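J.: Here's a structure for you.
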Amino acid sequence: MHRYAKVVLAAALVTAIGVWPAMAAPAAQEEKSREEKFDAGALVLSRFTLPGDAGAPVRYVLSRPGHKAPLVLYIQGSGCVPPFVGLGTPKRSSNIFSWAPLAARHRYAVMAVDKPYQPEQPPATDRPGTATACPPAFNAHFSYDSWLVTLKAALRHALAQPDVDASRVLVIGISEGAAVAAGLARAMPELTHVALIGGPPGPTQLYDFIVHAYAGPGSDDDKLRRLRELDATIDAIAADPRSADKFFAGHTYLRWSSFFAQSHGEDLAQARAKVYMVDGMQDASVPILSSEATYARLRGLGRDVTFRRIPNADHGLMAPGQGWQDLQEEYDAVIKWFERG
């Protein structure tokens, strides 16, 4: 959760009105689309709720620039932290870094999609990127496939809005969102640009764990032990791939089985979109060698791909001694790349 984004959105939405009703229970289904507007003077937002094809309603927020503008979709990272908190209250905020500053420019229609059955408030946990504290309904539903279905439905709906120039579409995927952004780019040729921040994984997310096993300390025997332990874990996940109450590394077997099955580099190879990748070279979550594998695949195909490697930076693109403004500059660089076409 980035304090900079929360402060900016709180300032921008000082006169916002309306309420943020709880996400429908799994058995409920919206029969038709609904739009709620939040007028904040300088910033106008619409929240749409649509019938869902994956057994859950689809809900997303779109900024309204007041003229036809390119669309920018942010896909958040792992876990169930909601993109927005308290839009109908004085204490409203965004939990996606850079979303609010970009929307406030009025040069783009900016959107973010709720993960189905996410809580209304960030879960009480010291590990917000994990799912162990997420609602049971969230964990029972969330997988790569169900999340991709939700994102596709929201994006198709947004592309038909009067404020959206559907000829220029950028998707910014952050961490886990980078993996899904790659699949979205493959599934939807409408995407012209895709930016991957803190990712994507290389051949698959399983490859990330293999790289970590080799990069760890100790002898080759120690590395073989870690690899055998990883194989045993993968066997356990494969034996119960739909489990929503068994966890590995903070996420359900359902989540891991669906993400392990995806080749994100191949998704990007099959997509039409131009690709921008940015990673911290000291990322302890997604090893930069995973992104290098994807980059090598795309370069070998002669694809239009830009890769920014940040020395000494972590998974959040922050190097020691840097502040939020330095991080904002990295996100601004993505938009400048998009503007160059």
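Just remember, in the structure tokens the first chain shown is A, the second B, etc., residues are 1-based per chain, and ligands are 1-based in the order shown.
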Could you pull the residues within 9 Å of Arg186 (chain A), counting only C-alpha atoms, minus those fewer than 5 positions along the same chain, as a list in words?
T.: Ala181, Leu191, Glu266, Asp267, Leu268, Ala269, Gln270, Ala271, Arg272 and Ala273 of chain A
J.: Keeping N, CA, C and O atoms for every residue in the selection just given, could you write it to a file as a PDB file, in the first residue's frame?
T.:
ATOM      1  N   ALA A 181      -1.311  -9.495 -16.956  1.00  0.00           N
ATOM      2  CA  ALA A 181      -1.279  -8.550 -18.072  1.00  0.00           C
ATOM      3  C   ALA A 181      -0.738  -9.216 -19.332  1.00  0.00           C
ATOM      4  O   ALA A 181      -1.205  -8.934 -20.444  1.00  0.00           O
ATOM      5  N   LEU A 191      -5.258  -4.434 -27.042  1.00  0.00           N
ATOM      6  CA  LEU A 191      -4.169  -3.833 -26.283  1.00  0.00           C
ATOM      7  C   LEU A 191      -3.031  -3.457 -27.228  1.00  0.00           C
ATOM      8  O   LEU A 191      -2.539  -4.286 -27.979  1.00  0.00           O
ATOM      9  N   GLU A 266       5.587 -16.763 -23.324  1.00  0.00           N
ATOM     10  CA  GLU A 266       4.916 -17.191 -24.549  1.00  0.00           C
ATOM     11  C   GLU A 266       3.662 -16.356 -24.802  1.00  0.00           C
ATOM     12  O   GLU A 266       3.328 -16.052 -25.952  1.00  0.00           O
ATOM     13  N   ASP A 267       2.952 -15.983 -23.718  1.00  0.00           N
ATOM     14  CA  ASP A 267       1.798 -15.097 -23.882  1.00  0.00           C
ATOM     15  C   ASP A 267       2.213 -13.806 -24.582  1.00  0.00           C
ATOM     16  O   ASP A 267       1.556 -13.344 -25.531  1.00  0.00           O
ATOM     17  N   LEU A 268       3.311 -13.214 -24.122  1.00  0.00           N
ATOM     18  CA  LEU A 268       3.772 -11.966 -24.740  1.00  0.00           C
ATOM     19  C   LEU A 268       4.268 -12.195 -26.158  1.00  0.00           C
ATOM     20  O   LEU A 268       4.093 -11.333 -27.033  1.00  0.00           O
ATOM     21  N   ALA A 269       4.859 -13.354 -26.406  1.00  0.00           N
ATOM     22  CA  ALA A 269       5.328 -13.660 -27.764  1.00  0.00           C
ATOM     23  C   ALA A 269       4.168 -13.746 -28.735  1.00  0.00           C
ATOM     24  O   ALA A 269       4.301 -13.413 -29.921  1.00  0.00           O
ATOM     25  N   GLN A 270       3.008 -14.181 -28.246  1.00  0.00           N
ATOM     26  CA  GLN A 270       1.833 -14.340 -29.092  1.00  0.00           C
ATOM     27  C   GLN A 270       0.968 -13.086 -29.149  1.00  0.00           C
ATOM     28  O   GLN A 270      -0.011 -13.037 -29.906  1.00  0.00           O
ATOM     29  N   ALA A 271       1.299 -12.081 -28.360  1.00  0.00           N
ATOM     30  CA  ALA A 271       0.524 -10.841 -28.322  1.00  0.00           C
ATOM     31  C   ALA A 271       1.024  -9.853 -29.369  1.00  0.00           C
ATOM     32  O   ALA A 271       2.149  -9.955 -29.856  1.00  0.00           O
ATOM     33  N   ARG A 272       0.189  -8.888 -29.688  1.00  0.00           N
ATOM     34  CA  ARG A 272       0.556  -7.849 -30.650  1.00  0.00           C
ATOM     35  C   ARG A 272       1.143  -6.614 -29.978  1.00  0.00           C
ATOM     36  O   ARG A 272       1.788  -5.791 -30.632  1.00  0.00           O
ATOM     37  N   ALA A 273       0.909  -6.452 -28.715  1.00  0.00           N
ATOM     38  CA  ALA A 273       1.251  -5.220 -28.013  1.00  0.00           C
ATOM     39  C   ALA A 273       2.758  -4.997 -27.913  1.00  0.00           C
ATOM     40  O   ALA A 273       3.538  -5.946 -27.831  1.00  0.00           O
TER      41      ALA A 273
END
J.: Run DSSP on the backbone and grab whatever in region 173-294 of chain A lands in strand (DSSP E); send it over as a list in words.
T.: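 The residues of region 173-294 of chain A classed as strand (DSSP E) are Gly173, Ile174, His193, Val194, Ala195, Leu196, Ile197, Phe247, Phe248, His251, Thr252, Lys274, Val275, Tyr276, Met277, Val278, Asp279 and Gly280 of chain A.
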J.: For a quick check of understanding, using only C-alpha atoms, which of A:Leu224, A:Ala103, A:Ala319, A:Val211 has the smallest distance to Glu292 (chain A)?
T.: A:Val211
J.: Go through A:Tyr108, A:Tyr144, A:Phe97, A:Phe84 and flag the residue nearest Pro70 (chain A), using only C-alpha atoms for the distances.
T.: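 Closest candidate: A:Tyr108.
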J.: Set out as CSV a contact list for region 252-278 of chain A and region 331-334 of chain A with a cut-off of 12 Å, giving each residue of region 252-278 of chain A that qualifies its closest atom pair and distance in Å to one decimal, counting only C-alpha atoms, ordered by chain and rising residue number.
T.:
residue,atom,partner,partner_atom,distance
A:Lys274,CA,A:Val334,CA,11.8
A:Val275,CA,A:Val334,CA,10.3
A:Tyr276,CA,A:Val334,CA,7.4
A:Met277,CA,A:Val334,CA,9.0
A:Val278,CA,A:Val334,CA,8.9
J.: Need the shell around region 146-162 of chain A: protein/DNA/RNA residues with any atom at most 7 Å away, counting only C-alpha atoms. Skip same-chain ones fewer than 3 positions apart. Format as a list in words?
T.: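 Final neighbour list, sorted by chain and number: Ala54, Val58, Tyr60, Lys68, Val113, Phe142, Ser143, Ala166, Val180 and Leu184 of chain A.
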J.: Include all heavy atoms and write out the residues we just selected as a PDB file, in the first residue's frame.
T.:
ATOM      1  N   ALA A  54     -17.896 -15.563 -14.779  1.00  0.00           N
ATOM      2  CA  ALA A  54     -17.153 -16.551 -13.990  1.00  0.00           C
ATOM      3  C   ALA A  54     -17.826 -16.823 -12.656  1.00  0.00           C
ATOM      4  O   ALA A  54     -17.199 -17.280 -11.720  1.00  0.00           O
ATOM      5  CB  ALA A  54     -15.726 -16.068 -13.769  1.00  0.00           C
ATOM      6  N   VAL A  58     -18.618  -8.383 -11.856  1.00  0.00           N
ATOM      7  CA  VAL A  58     -17.410  -7.671 -12.279  1.00  0.00           C
ATOM      8  C   VAL A  58     -17.577  -6.217 -11.865  1.00  0.00           C
ATOM      9  O   VAL A  58     -18.590  -5.592 -12.169  1.00  0.00           O
ATOM     10  CB  VAL A  58     -17.216  -7.776 -13.806  1.00  0.00           C
ATOM     11  CG1 VAL A  58     -16.025  -6.938 -14.257  1.00  0.00           C
ATOM     12  CG2 VAL A  58     -17.065  -9.231 -14.225  1.00  0.00           C
ATOM     13  N   TYR A  60     -15.493  -2.381 -11.598  1.00  0.00           N
ATOM     14  CA  TYR A  60     -14.280  -1.612 -11.887  1.00  0.00           C
ATOM     15  C   TYR A  60     -14.557  -0.130 -11.762  1.00  0.00           C
ATOM     16  O   TYR A  60     -15.708   0.324 -11.826  1.00  0.00           O
ATOM     17  CB  TYR A  60     -13.723  -1.955 -13.263  1.00  0.00           C
ATOM     18  CG  TYR A  60     -14.463  -1.397 -14.457  1.00  0.00           C
ATOM     19  CD1 TYR A  60     -14.093  -0.182 -15.039  1.00  0.00           C
ATOM     20  CD2 TYR A  60     -15.523  -2.089 -15.043  1.00  0.00           C
ATOM     21  CE1 TYR A  60     -14.751   0.327 -16.148  1.00  0.00           C
ATOM     22  CE2 TYR A  60     -16.187  -1.598 -16.155  1.00  0.00           C
ATOM     23  CZ  TYR A  60     -15.805  -0.387 -16.701  1.00  0.00           C
ATOM     24  OH  TYR A  60     -16.468   0.117 -17.804  1.00  0.00           O
ATOM     25  N   LYS A  68     -12.549  12.232 -25.242  1.00  0.00           N
ATOM     26  CA  LYS A  68     -12.088  10.920 -25.658  1.00  0.00           C
ATOM     27  C   LYS A  68     -10.582  10.819 -25.418  1.00  0.00           C
ATOM     28  O   LYS A  68      -9.819  11.645 -25.894  1.00  0.00           O
ATOM     29  CB  LYS A  68     -12.413  10.684 -27.135  1.00  0.00           C
ATOM     30  CG  LYS A  68     -12.807   9.257 -27.439  1.00  0.00           C
ATOM     31  CD  LYS A  68     -13.426   9.153 -28.817  1.00  0.00           C
ATOM     32  CE  LYS A  68     -13.997   7.767 -29.053  1.00  0.00           C
ATOM     33  NZ  LYS A  68     -15.075   7.400 -28.136  1.00  0.00           N
ATOM     34  N   VAL A 113      -9.621  -2.724 -11.688  1.00  0.00           N
ATOM     35  CA  VAL A 113     -10.681  -3.718 -11.534  1.00  0.00           C
ATOM     36  C   VAL A 113     -10.560  -4.364 -10.163  1.00  0.00           C
ATOM     37  O   VAL A 113      -9.463  -4.725  -9.724  1.00  0.00           O
ATOM     38  CB  VAL A 113     -10.587  -4.793 -12.641  1.00  0.00           C
ATOM     39  CG1 VAL A 113     -11.750  -5.777 -12.540  1.00  0.00           C
ATOM     40  CG2 VAL A 113     -10.557  -4.134 -14.029  1.00  0.00           C
ATOM     41  N   PHE A 142     -10.574 -17.202  -6.513  1.00  0.00           N
ATOM     42  CA  PHE A 142      -9.467 -16.580  -7.236  1.00  0.00           C
ATOM     43  C   PHE A 142      -8.515 -17.609  -7.836  1.00  0.00           C
ATOM     44  O   PHE A 142      -7.980 -18.475  -7.163  1.00  0.00           O
ATOM     45  CB  PHE A 142      -8.668 -15.649  -6.319  1.00  0.00           C
ATOM     46  CG  PHE A 142      -7.598 -14.895  -7.060  1.00  0.00           C
ATOM     47  CD1 PHE A 142      -7.923 -13.812  -7.848  1.00  0.00           C
ATOM     48  CD2 PHE A 142      -6.273 -15.284  -6.993  1.00  0.00           C
ATOM     49  CE1 PHE A 142      -6.947 -13.118  -8.555  1.00  0.00           C
ATOM     50  CE2 PHE A 142      -5.285 -14.609  -7.696  1.00  0.00           C
ATOM     51  CZ  PHE A 142      -5.629 -13.521  -8.475  1.00  0.00           C
ATOM     52  N   SER A 143      -8.302 -17.452  -9.137  1.00  0.00           N
ATOM     53  CA  SER A 143      -7.306 -18.226  -9.879  1.00  0.00           C
ATOM     54  C   SER A 143      -6.877 -17.369 -11.062  1.00  0.00           C
ATOM     55  O   SER A 143      -7.476 -16.323 -11.346  1.00  0.00           O
ATOM     56  CB  SER A 143      -7.891 -19.550 -10.379  1.00  0.00           C
ATOM     57  OG  SER A 143      -8.850 -19.322 -11.403  1.00  0.00           O
ATOM     58  N   ALA A 166     -10.482   3.790 -27.975  1.00  0.00           N
ATOM     59  CA  ALA A 166     -10.164   2.365 -27.984  1.00  0.00           C
ATOM     60  C   ALA A 166      -9.000   2.015 -28.896  1.00  0.00           C
ATOM     61  O   ALA A 166      -8.553   0.866 -28.914  1.00  0.00           O
ATOM     62  CB  ALA A 166     -11.395   1.559 -28.395  1.00  0.00           C
ATOM     63  N   VAL A 180      -0.636 -11.564 -15.262  1.00  0.00           N
ATOM     64  CA  VAL A 180      -1.971 -11.580 -15.855  1.00  0.00           C
ATOM     65  C   VAL A 180      -2.043 -10.602 -17.029  1.00  0.00           C
ATOM     66  O   VAL A 180      -2.746 -10.849 -18.018  1.00  0.00           O
ATOM     67  CB  VAL A 180      -3.036 -11.254 -14.799  1.00  0.00           C
ATOM     68  CG1 VAL A 180      -4.437 -11.409 -15.372  1.00  0.00           C
ATOM     69  CG2 VAL A 180      -2.882 -12.167 -13.588  1.00  0.00           C
ATOM     70  N   LEU A 184      -3.545 -11.208 -20.709  1.00  0.00           N
ATOM     71  CA  LEU A 184      -4.568 -10.315 -21.246  1.00  0.00           C
ATOM     72  C   LEU A 184      -4.149  -9.773 -22.601  1.00  0.00           C
ATOM     73  O   LEU A 184      -4.970  -9.644 -23.521  1.00  0.00           O
ATOM     74  CB  LEU A 184      -4.808  -9.176 -20.255  1.00  0.00           C
ATOM     75  CG  LEU A 184      -6.041  -8.309 -20.473  1.00  0.00           C
ATOM     76  CD1 LEU A 184      -7.320  -9.116 -20.348  1.00  0.00           C
ATOM     77  CD2 LEU A 184      -6.052  -7.143 -19.475  1.00  0.00           C
TER      78      LEU A 184
END
J.: Tell me, which residues of region 229-294 of chain A carry DSSP helix (DSSP H, G or I), written as an MDAnalysis selection string?
T.: chainID A and resid 229:239 253:260 264:270 288:294
J.: Point out the residue among A:Ala261, A:Ile310, A:Val85, A:Ala140 with the least atom-to-atom distance to Ser243 (chain A), counting only C-alpha atoms.
T.: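 Residue with the minimum atom-to-atom distance to Ser243 (chain A): A:Ala140.
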